[in-house]
file final_16.pdb (PDB, C-alpha atoms and all ligand atoms)
ATOM      1  CA  MET A   1     111.165  85.818  94.747  1.00  0.00           C
ATOM      2  CA  THR A   2     110.406  87.856  97.829  1.00  0.00           C
ATOM      3  CA  GLU A   3     111.074  86.551 101.316  1.00  0.00           C
ATOM      4  CA  CYS A   4     109.051  89.319 102.862  1.00  0.00           C
ATOM      5  CA  ASP A   5     106.141  88.076 104.977  1.00  0.00           C
ATOM      6  CA  VAL A   6     104.199  91.277 104.395  1.00  0.00           C
ATOM      7  CA  CYS A   7     104.574  91.012 100.609  1.00  0.00           C
ATOM      8  CA  LYS A   8     103.210  87.485 100.976  1.00  0.00           C
ATOM      9  CA  ILE A   9     100.117  89.026 102.603  1.00  0.00           C
ATOM     10  CA  VAL A  10      99.869  91.517  99.727  1.00  0.00           C
ATOM     11  CA  ASN A  11      99.793  88.566  97.348  1.00  0.00           C
ATOM     12  CA  ASN A  12      97.340  86.575  99.443  1.00  0.00           C
ATOM     13  CA  LYS A  13      94.974  89.212 100.788  1.00  0.00           C
ATOM     14  CA  GLU A  14      91.901  86.992 100.509  1.00  0.00           C
ATOM     15  CA  ALA A  15      93.169  84.994 103.485  1.00  0.00           C
ATOM     16  CA  PHE A  16      93.113  88.116 105.690  1.00  0.00           C
ATOM     17  CA  HIS A  17      90.539  90.597 106.918  1.00  0.00           C
ATOM     18  CA  VAL A  18      91.036  93.521 104.582  1.00  0.00           C
ATOM     19  CA  ILE A  19      88.930  96.591 105.320  1.00  0.00           C
ATOM     20  CA  TYR A  20      90.239  98.919 102.598  1.00  0.00           C
ATOM     21  CA  GLU A  21      92.313  98.697  99.433  1.00  0.00           C
ATOM     22  CA  ASP A  22      93.488 100.995  96.655  1.00  0.00           C
ATOM     23  CA  GLU A  23      96.337 100.895  94.140  1.00  0.00           C
ATOM     24  CA  ILE A  24      98.905 102.152  96.640  1.00  0.00           C
ATOM     25  CA  CYS A  25      98.030 100.437  99.891  1.00  0.00           C
ATOM     26  CA  PHE A  26      95.592  98.383 101.833  1.00  0.00           C
ATOM     27  CA  ALA A  27      94.367  98.188 105.409  1.00  0.00           C
ATOM     28  CA  LEU A  28      93.626  94.971 107.228  1.00  0.00           C
ATOM     29  CA  LEU A  29      92.767  93.867 110.722  1.00  0.00           C
ATOM     30  CA  HIS A  30      95.755  92.579 112.704  1.00  0.00           C
ATOM     31  CA  GLU A  31      95.521  88.826 113.213  1.00  0.00           C
ATOM     32  CA  SER A  32      96.997  89.135 116.723  1.00  0.00           C
ATOM     33  CA  PRO A  33      95.765  92.573 117.741  1.00  0.00           C
ATOM     34  CA  ALA A  34      96.888  94.672 120.690  1.00  0.00           C
ATOM     35  CA  VAL A  35      93.196  95.588 121.007  1.00  0.00           C
ATOM     36  CA  PRO A  36      90.165  94.630 118.909  1.00  0.00           C
ATOM     37  CA  GLY A  37      90.092  96.765 115.760  1.00  0.00           C
ATOM     38  CA  HIS A  38      93.905  97.064 115.602  1.00  0.00           C
ATOM     39  CA  THR A  39      94.427  97.861 111.931  1.00  0.00           C
ATOM     40  CA  MET A  40      97.560  97.748 109.814  1.00  0.00           C
ATOM     41  CA  VAL A  41      97.953 100.104 106.862  1.00  0.00           C
ATOM     42  CA  ILE A  42     100.475  98.655 104.421  1.00  0.00           C
ATOM     43  CA  PRO A  43     101.983 100.069 101.220  1.00  0.00           C
ATOM     44  CA  LYS A  44     101.946  97.560  98.365  1.00  0.00           C
ATOM     45  CA  THR A  45     105.472  98.514  97.298  1.00  0.00           C
ATOM     46  CA  HIS A  46     108.097  96.592  99.236  1.00  0.00           C
ATOM     47  CA  THR A  47     110.054  99.060 101.342  1.00  0.00           C
ATOM     48  CA  THR A  48     111.757  98.341 104.620  1.00  0.00           C
ATOM     49  CA  ILE A  49     111.541 101.756 106.260  1.00  0.00           C
ATOM     50  CA  ILE A  50     109.325 104.737 105.660  1.00  0.00           C
ATOM     51  CA  GLU A  51     112.213 106.989 104.524  1.00  0.00           C
ATOM     52  CA  GLU A  52     112.589 104.837 101.412  1.00  0.00           C
ATOM     53  CA  LEU A  53     109.046 105.559 100.294  1.00  0.00           C
ATOM     54  CA  ASP A  54     108.195 108.284  97.848  1.00  0.00           C
ATOM     55  CA  ASP A  55     106.782 111.383  99.599  1.00  0.00           C
ATOM     56  CA  LYS A  56     103.509 111.052  97.722  1.00  0.00           C
ATOM     57  CA  ILE A  57     103.040 107.510  99.014  1.00  0.00           C
ATOM     58  CA  VAL A  58     103.852 108.581 102.572  1.00  0.00           C
ATOM     59  CA  GLU A  59     101.303 111.355 102.226  1.00  0.00           C
ATOM     60  CA  HIS A  60      98.680 108.917 100.938  1.00  0.00           C
ATOM     61  CA  LEU A  61      99.387 106.382 103.693  1.00  0.00           C
ATOM     62  CA  PHE A  62      98.728 108.969 106.383  1.00  0.00           C
ATOM     63  CA  VAL A  63      95.527 110.073 104.695  1.00  0.00           C
ATOM     64  CA  VAL A  64      94.393 106.430 104.754  1.00  0.00           C
ATOM     65  CA  CYS A  65      95.468 106.082 108.420  1.00  0.00           C
ATOM     66  CA  ASN A  66      93.474 109.174 109.252  1.00  0.00           C
ATOM     67  CA  LYS A  67      90.372 107.784 107.577  1.00  0.00           C
ATOM     68  CA  VAL A  68      90.830 104.417 109.289  1.00  0.00           C
ATOM     69  CA  SER A  69      91.126 106.336 112.530  1.00  0.00           C
ATOM     70  CA  THR A  70      87.837 108.113 111.777  1.00  0.00           C
ATOM     71  CA  ILE A  71      86.156 104.743 111.165  1.00  0.00           C
ATOM     72  CA  LEU A  72      87.482 103.411 114.469  1.00  0.00           C
ATOM     73  CA  PHE A  73      86.116 106.460 116.271  1.00  0.00           C
ATOM     74  CA  ASP A  74      82.739 106.384 114.549  1.00  0.00           C
ATOM     75  CA  LYS A  75      82.043 102.689 114.188  1.00  0.00           C
ATOM     76  CA  LEU A  76      83.930 101.048 117.036  1.00  0.00           C
ATOM     77  CA  GLY A  77      83.339 103.828 119.544  1.00  0.00           C
ATOM     78  CA  ALA A  78      87.051 104.419 120.130  1.00  0.00           C
ATOM     79  CA  HIS A  79      87.819 107.311 122.479  1.00  0.00           C
ATOM     80  CA  GLY A  80      91.215 107.863 120.888  1.00  0.00           C
ATOM     81  CA  THR A  81      93.607 106.255 118.444  1.00  0.00           C
ATOM     82  CA  ASN A  82      97.349 105.665 118.294  1.00  0.00           C
ATOM     83  CA  VAL A  83      98.979 105.804 114.871  1.00  0.00           C
ATOM     84  CA  ILE A  84     102.293 104.024 115.220  1.00  0.00           C
ATOM     85  CA  VAL A  85     105.201 103.261 112.913  1.00  0.00           C
ATOM     86  CA  ASN A  86     107.974 101.103 114.295  1.00  0.00           C
ATOM     87  CA  ASN A  87     110.658 102.318 111.950  1.00  0.00           C
ATOM     88  CA  GLY A  88     113.787 100.166 112.121  1.00  0.00           C
ATOM     89  CA  ILE A  89     114.709  97.109 114.170  1.00  0.00           C
ATOM     90  CA  ASP A  90     115.850  99.182 117.155  1.00  0.00           C
ATOM     91  CA  ALA A  91     112.468 100.877 117.134  1.00  0.00           C
ATOM     92  CA  GLY A  92     110.724  97.546 117.547  1.00  0.00           C
ATOM     93  CA  GLN A  93     110.092  96.818 113.876  1.00  0.00           C
ATOM     94  CA  ASP A  94     109.665  93.071 113.480  1.00  0.00           C
ATOM     95  CA  LEU A  95     108.714  92.840 109.803  1.00  0.00           C
ATOM     96  CA  PRO A  96     110.966  93.969 106.924  1.00  0.00           C
ATOM     97  CA  HIS A  97     108.207  96.051 105.318  1.00  0.00           C
ATOM     98  CA  VAL A  98     106.632  99.374 106.266  1.00  0.00           C
ATOM     99  CA  VAL A  99     103.517  98.871 108.407  1.00  0.00           C
ATOM    100  CA  ILE A 100     101.539 101.629 110.082  1.00  0.00           C
ATOM    101  CA  ASN A 101      99.464 100.504 113.024  1.00  0.00           C
ATOM    102  CA  VAL A 102      96.219 102.253 113.886  1.00  0.00           C
ATOM    103  CA  LEU A 103      94.943 101.311 117.317  1.00  0.00           C
ATOM    104  CA  PRO A 104      91.547 102.231 118.682  1.00  0.00           C
ATOM    105  CA  ARG A 105      91.911 103.275 122.318  1.00  0.00           C
ATOM    106  CA  SER A 106      89.574 103.483 125.230  1.00  0.00           C
ATOM    107  CA  GLU A 107      89.935 104.115 128.911  1.00  0.00           C
ATOM    108  CA  ASN A 108      91.363 101.137 130.821  1.00  0.00           C
ATOM    109  CA  ASP A 109      92.104  99.152 127.657  1.00  0.00           C
ATOM    110  CA  GLY A 110      95.294  97.876 129.276  1.00  0.00           C
ATOM    111  CA  LEU A 111      97.717  99.362 126.738  1.00  0.00           C
ATOM    112  CA  ASP A 112     100.516 101.520 128.028  1.00  0.00           C
ATOM    113  CA  PHE A 113     102.755 103.623 125.809  1.00  0.00           C
ATOM    114  CA  GLU A 114     103.985 105.837 128.617  1.00  0.00           C
ATOM    115  CA  TRP A 115     107.661 106.605 129.032  1.00  0.00           C
ATOM    116  CA  THR A 116     109.545 108.260 131.816  1.00  0.00           C
ATOM    117  CA  PRO A 117     110.369 111.848 130.876  1.00  0.00           C
ATOM    118  CA  LYS A 118     114.051 112.729 131.276  1.00  0.00           C
ATOM    119  CA  GLN A 119     115.605 116.092 132.038  1.00  0.00           C
ATOM    120  CA  SER A 120     117.384 117.790 129.157  1.00  0.00           C
ATOM    121  CA  GLY A 121     119.476 120.923 129.813  1.00  0.00           C
ATOM    122  CA  GLN A 122     119.217 123.998 127.563  1.00  0.00           C
ATOM    123  CA  GLN A 123     122.761 123.406 126.263  1.00  0.00           C
ATOM    124  CA  VAL A 124     121.948 119.905 125.160  1.00  0.00           C
ATOM    125  CA  LEU A 125     118.735 121.052 123.497  1.00  0.00           C
ATOM    126  CA  GLU A 126     120.504 123.905 121.709  1.00  0.00           C
ATOM    127  CA  SER A 127     123.335 121.706 120.546  1.00  0.00           C
ATOM    128  CA  LEU A 128     120.868 119.110 119.235  1.00  0.00           C
ATOM    129  CA  GLN A 129     118.829 121.811 117.552  1.00  0.00           C
ATOM    130  CA  LYS A 130     121.953 123.135 115.774  1.00  0.00           C
ATOM    131  CA  LYS A 131     123.065 119.694 114.757  1.00  0.00           C
ATOM    132  CA  ILE A 132     119.679 118.784 113.297  1.00  0.00           C
ATOM    133  CA  GLN A 133     118.661 122.141 111.898  1.00  0.00           C
ATOM    134  CA  ILE A 134     121.685 122.331 109.626  1.00  0.00           C
ATOM    135  CA  TYR A 135     120.115 119.534 107.599  1.00  0.00           C
ATOM    136  CA  SER A 136     116.687 121.122 107.402  1.00  0.00           C
ATOM    137  CA  ASP A 137     117.358 123.141 104.267  1.00  0.00           C
ATOM    138  CA  PRO A 138     118.619 120.312 102.089  1.00  0.00           C
ATOM    139  CA  ILE A 139     115.966 117.966 103.374  1.00  0.00           C
ATOM    140  CA  PHE A 140     112.951 120.257 103.386  1.00  0.00           C
ATOM    141  CA  LEU A 141     113.816 122.879 100.800  1.00  0.00           C
ATOM    142  CA  GLY A 142     115.939 120.880  98.423  1.00  0.00           C
ATOM    143  CA  LYS A 143     113.044 119.228  96.669  1.00  0.00           C
ATOM    144  CA  ASP A 144     111.192 120.973  93.883  1.00  0.00           C
ATOM    145  CA  GLU A 145     107.978 119.095  94.441  1.00  0.00           C
ATOM    146  CA  LEU A 146     107.680 120.511  97.936  1.00  0.00           C
ATOM    147  CA  PRO A 147     104.561 122.128  98.307  1.00  0.00           C
ATOM    148  CA  ASP A 148     102.611 125.206  99.026  1.00  0.00           C
ATOM    149  CA  ILE A 149     103.819 125.162 102.582  1.00  0.00           C
ATOM    150  CA  LYS A 150     105.884 128.039 103.915  1.00  0.00           C
ATOM    151  CA  ILE A 151     108.782 126.664 105.880  1.00  0.00           C
ATOM    152  CA  GLN A 152     110.036 128.915 108.640  1.00  0.00           C
ATOM    153  CA  LYS A 153     113.227 128.667 110.601  1.00  0.00           C
ATOM    154  CA  PRO A 154     112.626 128.709 114.310  1.00  0.00           C
ATOM    155  CA  GLU A 155     112.936 132.365 115.361  1.00  0.00           C
ATOM    156  CA  GLN A 156     114.717 131.465 118.560  1.00  0.00           C
ATOM    157  CA  SER A 157     117.942 130.235 117.031  1.00  0.00           C
ATOM    158  CA  ILE A 158     118.262 133.351 114.886  1.00  0.00           C
ATOM    159  CA  THR A 159     117.280 136.091 117.323  1.00  0.00           C
ATOM    160  CA  LYS A 160     119.387 134.732 120.133  1.00  0.00           C
ATOM    161  CA  THR A 161     122.579 135.554 118.274  1.00  0.00           C
ATOM    162  CA  SER A 162     124.306 138.822 119.058  1.00  0.00           C
ATOM    163  CA  SER A 163     126.220 140.564 116.246  1.00  0.00           C
ATOM    164  CA  ASN A 164     124.821 142.803 113.467  1.00  0.00           C
ATOM    165  CA  ASN A 165     126.210 140.344 111.081  1.00  0.00           C
ATOM    166  CA  LYS A 166     123.673 137.839 112.357  1.00  0.00           C
ATOM    167  CA  ILE A 167     120.794 140.262 111.879  1.00  0.00           C
ATOM    168  CA  GLU A 168     121.854 140.659 108.264  1.00  0.00           C
ATOM    169  CA  LYS A 169     121.970 136.943 108.050  1.00  0.00           C
ATOM    170  CA  LYS A 170     118.411 136.770 109.274  1.00  0.00           C
ATOM    171  CA  GLU A 171     117.265 139.157 106.542  1.00  0.00           C
ATOM    172  CA  ASN A 172     119.167 137.210 103.935  1.00  0.00           C
ATOM    173  CA  TYR A 173     117.617 134.074 105.194  1.00  0.00           C
ATOM    174  CA  GLN A 174     114.157 135.496 104.789  1.00  0.00           C
ATOM    175  CA  ILE A 175     114.961 136.644 101.269  1.00  0.00           C
ATOM    176  CA  ASN A 176     116.362 133.240 100.400  1.00  0.00           C
ATOM    177  CA  ASN A 177     113.365 131.647 101.922  1.00  0.00           C
ATOM    178  CA  LEU A 178     111.035 133.774  99.828  1.00  0.00           C
ATOM    179  CA  LYS A 179     112.977 132.902  96.710  1.00  0.00           C
ATOM    180  CA  ARG A 180     112.321 129.291  97.380  1.00  0.00           C
ATOM    181  CA  LEU A 181     108.603 129.684  97.668  1.00  0.00           C
ATOM    182  CA  PRO A 182     106.669 128.656  94.606  1.00  0.00           C
TER     183      PRO A 182
HETATM  184 ZN    ZN B 201     107.590  93.369 101.593  1.00  0.00          ZN
END

call {"tool": "encode", "arguments": {"input": "final_16.pdb", "output": "structure tokens"}}
result
Amino acid sequence: MTECDVCKIVNNKEAFHVIYEDEICFALLHESPAVPGHTMVIPKTHTTIIEELDDKIVEHLFVVCNKVSTILFDKLGAHGTNVIVNNGIDAGQDLPHVVINVLPRSENDGLDFEWTPKQSGQQVLESLQKKIQIYSDPIFLGKDELPDIKIQKPEQSITKTSSNNKIEKKENYQINNLKRLP
């Protein structure tokens, strides 16, 4: 039923060079690698972008990527690794299924992921921070299953404000934050 090329691989793994598999995902060598040892870590569940995956699966995928990375360091003598997700067509994603690439790197391997840094004024940064931060609470604190991790608001955005009212707000925030901790 599926048209997805990656799901076809999932169903025909024997034809590929799989280096690891469990019930959630598998890792295989890229057939047209950027460098030798280029590995793809792929969730078995069909999902187009990583945001659609359950948090637990995302967590597991990155644990697997980390272990693959360790293997590439230890067994292929990599000097570094890149762990890359092209998430969405505009981000260079060319397959309709989540794939995490783990690339072993070495000096002069011919790969270049450099970009030209651009200037960003303080106003732009602050406005972006405000715009994004407003969604932090519902995204990070709105889920019961979130973890034993203490989430802290960046101090900067709170202390920079001027009125007493804001200081109260800061205290309230901390109290609210504590309430949310397990
Ligand atoms: Zn698929």

call {"tool": "resolve_selection", "arguments": {"input": "final_16.pdb", "expression": "the PyMOL selection byres (((chain A and resi 93-105) around 6) and not hetatm)", "output": "list in words"}}
result
His38, Thr39, Met40, Val41, Ile42, Thr47, Thr48, Ile49, Leu72, Ala78, His79, Gly80, Thr81, Asn82, Val83, Ile84, Val85, Asn86, Asn87, Gly88, Ile89, Ala91, Gly92 and Ser106 of chain A

call {"tool": "residues_near_ligand", "arguments": {"input": "final_16.pdb", "ligand": "ligand ZN 201 (chain B)", "cutoff": "6 Å", "atoms": "only C-alpha atoms and all ligand atoms", "output": "compact mmCIF listing (two decimals) with C-alpha atoms, in the frame of the given file"}}
result
# COMPACT_ATOMS: atom_id res chain seq x y z
CA CYS A 4 109.05 89.32 102.86
CA VAL A 6 104.20 91.28 104.40
CA CYS A 7 104.57 91.01 100.61
CA HIS A 46 108.10 96.59 99.24
CA HIS A 97 108.21 96.05 105.32

call {"tool": "resolve_selection", "arguments": {"input": "final_16.pdb", "expression": "the PyMOL selection byres (((chain A and resi 19-32) around 9) and not hetatm)", "output": "PyMOL selection string"}}
result
chain A and resi 10+13+16-18+33-45+57+60-61+64-65+68+101

call {"tool": "atom_distance", "arguments": {"input": "final_16.pdb", "atom1": "CA of Glu51 in chain A", "atom2": "CA of Ile139 in chain A"}}
result
11.7 Å

call {"tool": "atom_distance", "arguments": {"input": "final_16.pdb", "atom1": "CA of Asp74 in chain A", "atom2": "CA of Ile9 in chain A"}}
result
27.3 Å

call {"tool": "atom_distance", "arguments": {"input": "final_16.pdb", "atom1": "CA of Gln119 in chain A", "atom2": "CA of Asp90 in chain A"}}
result
22.5 Å
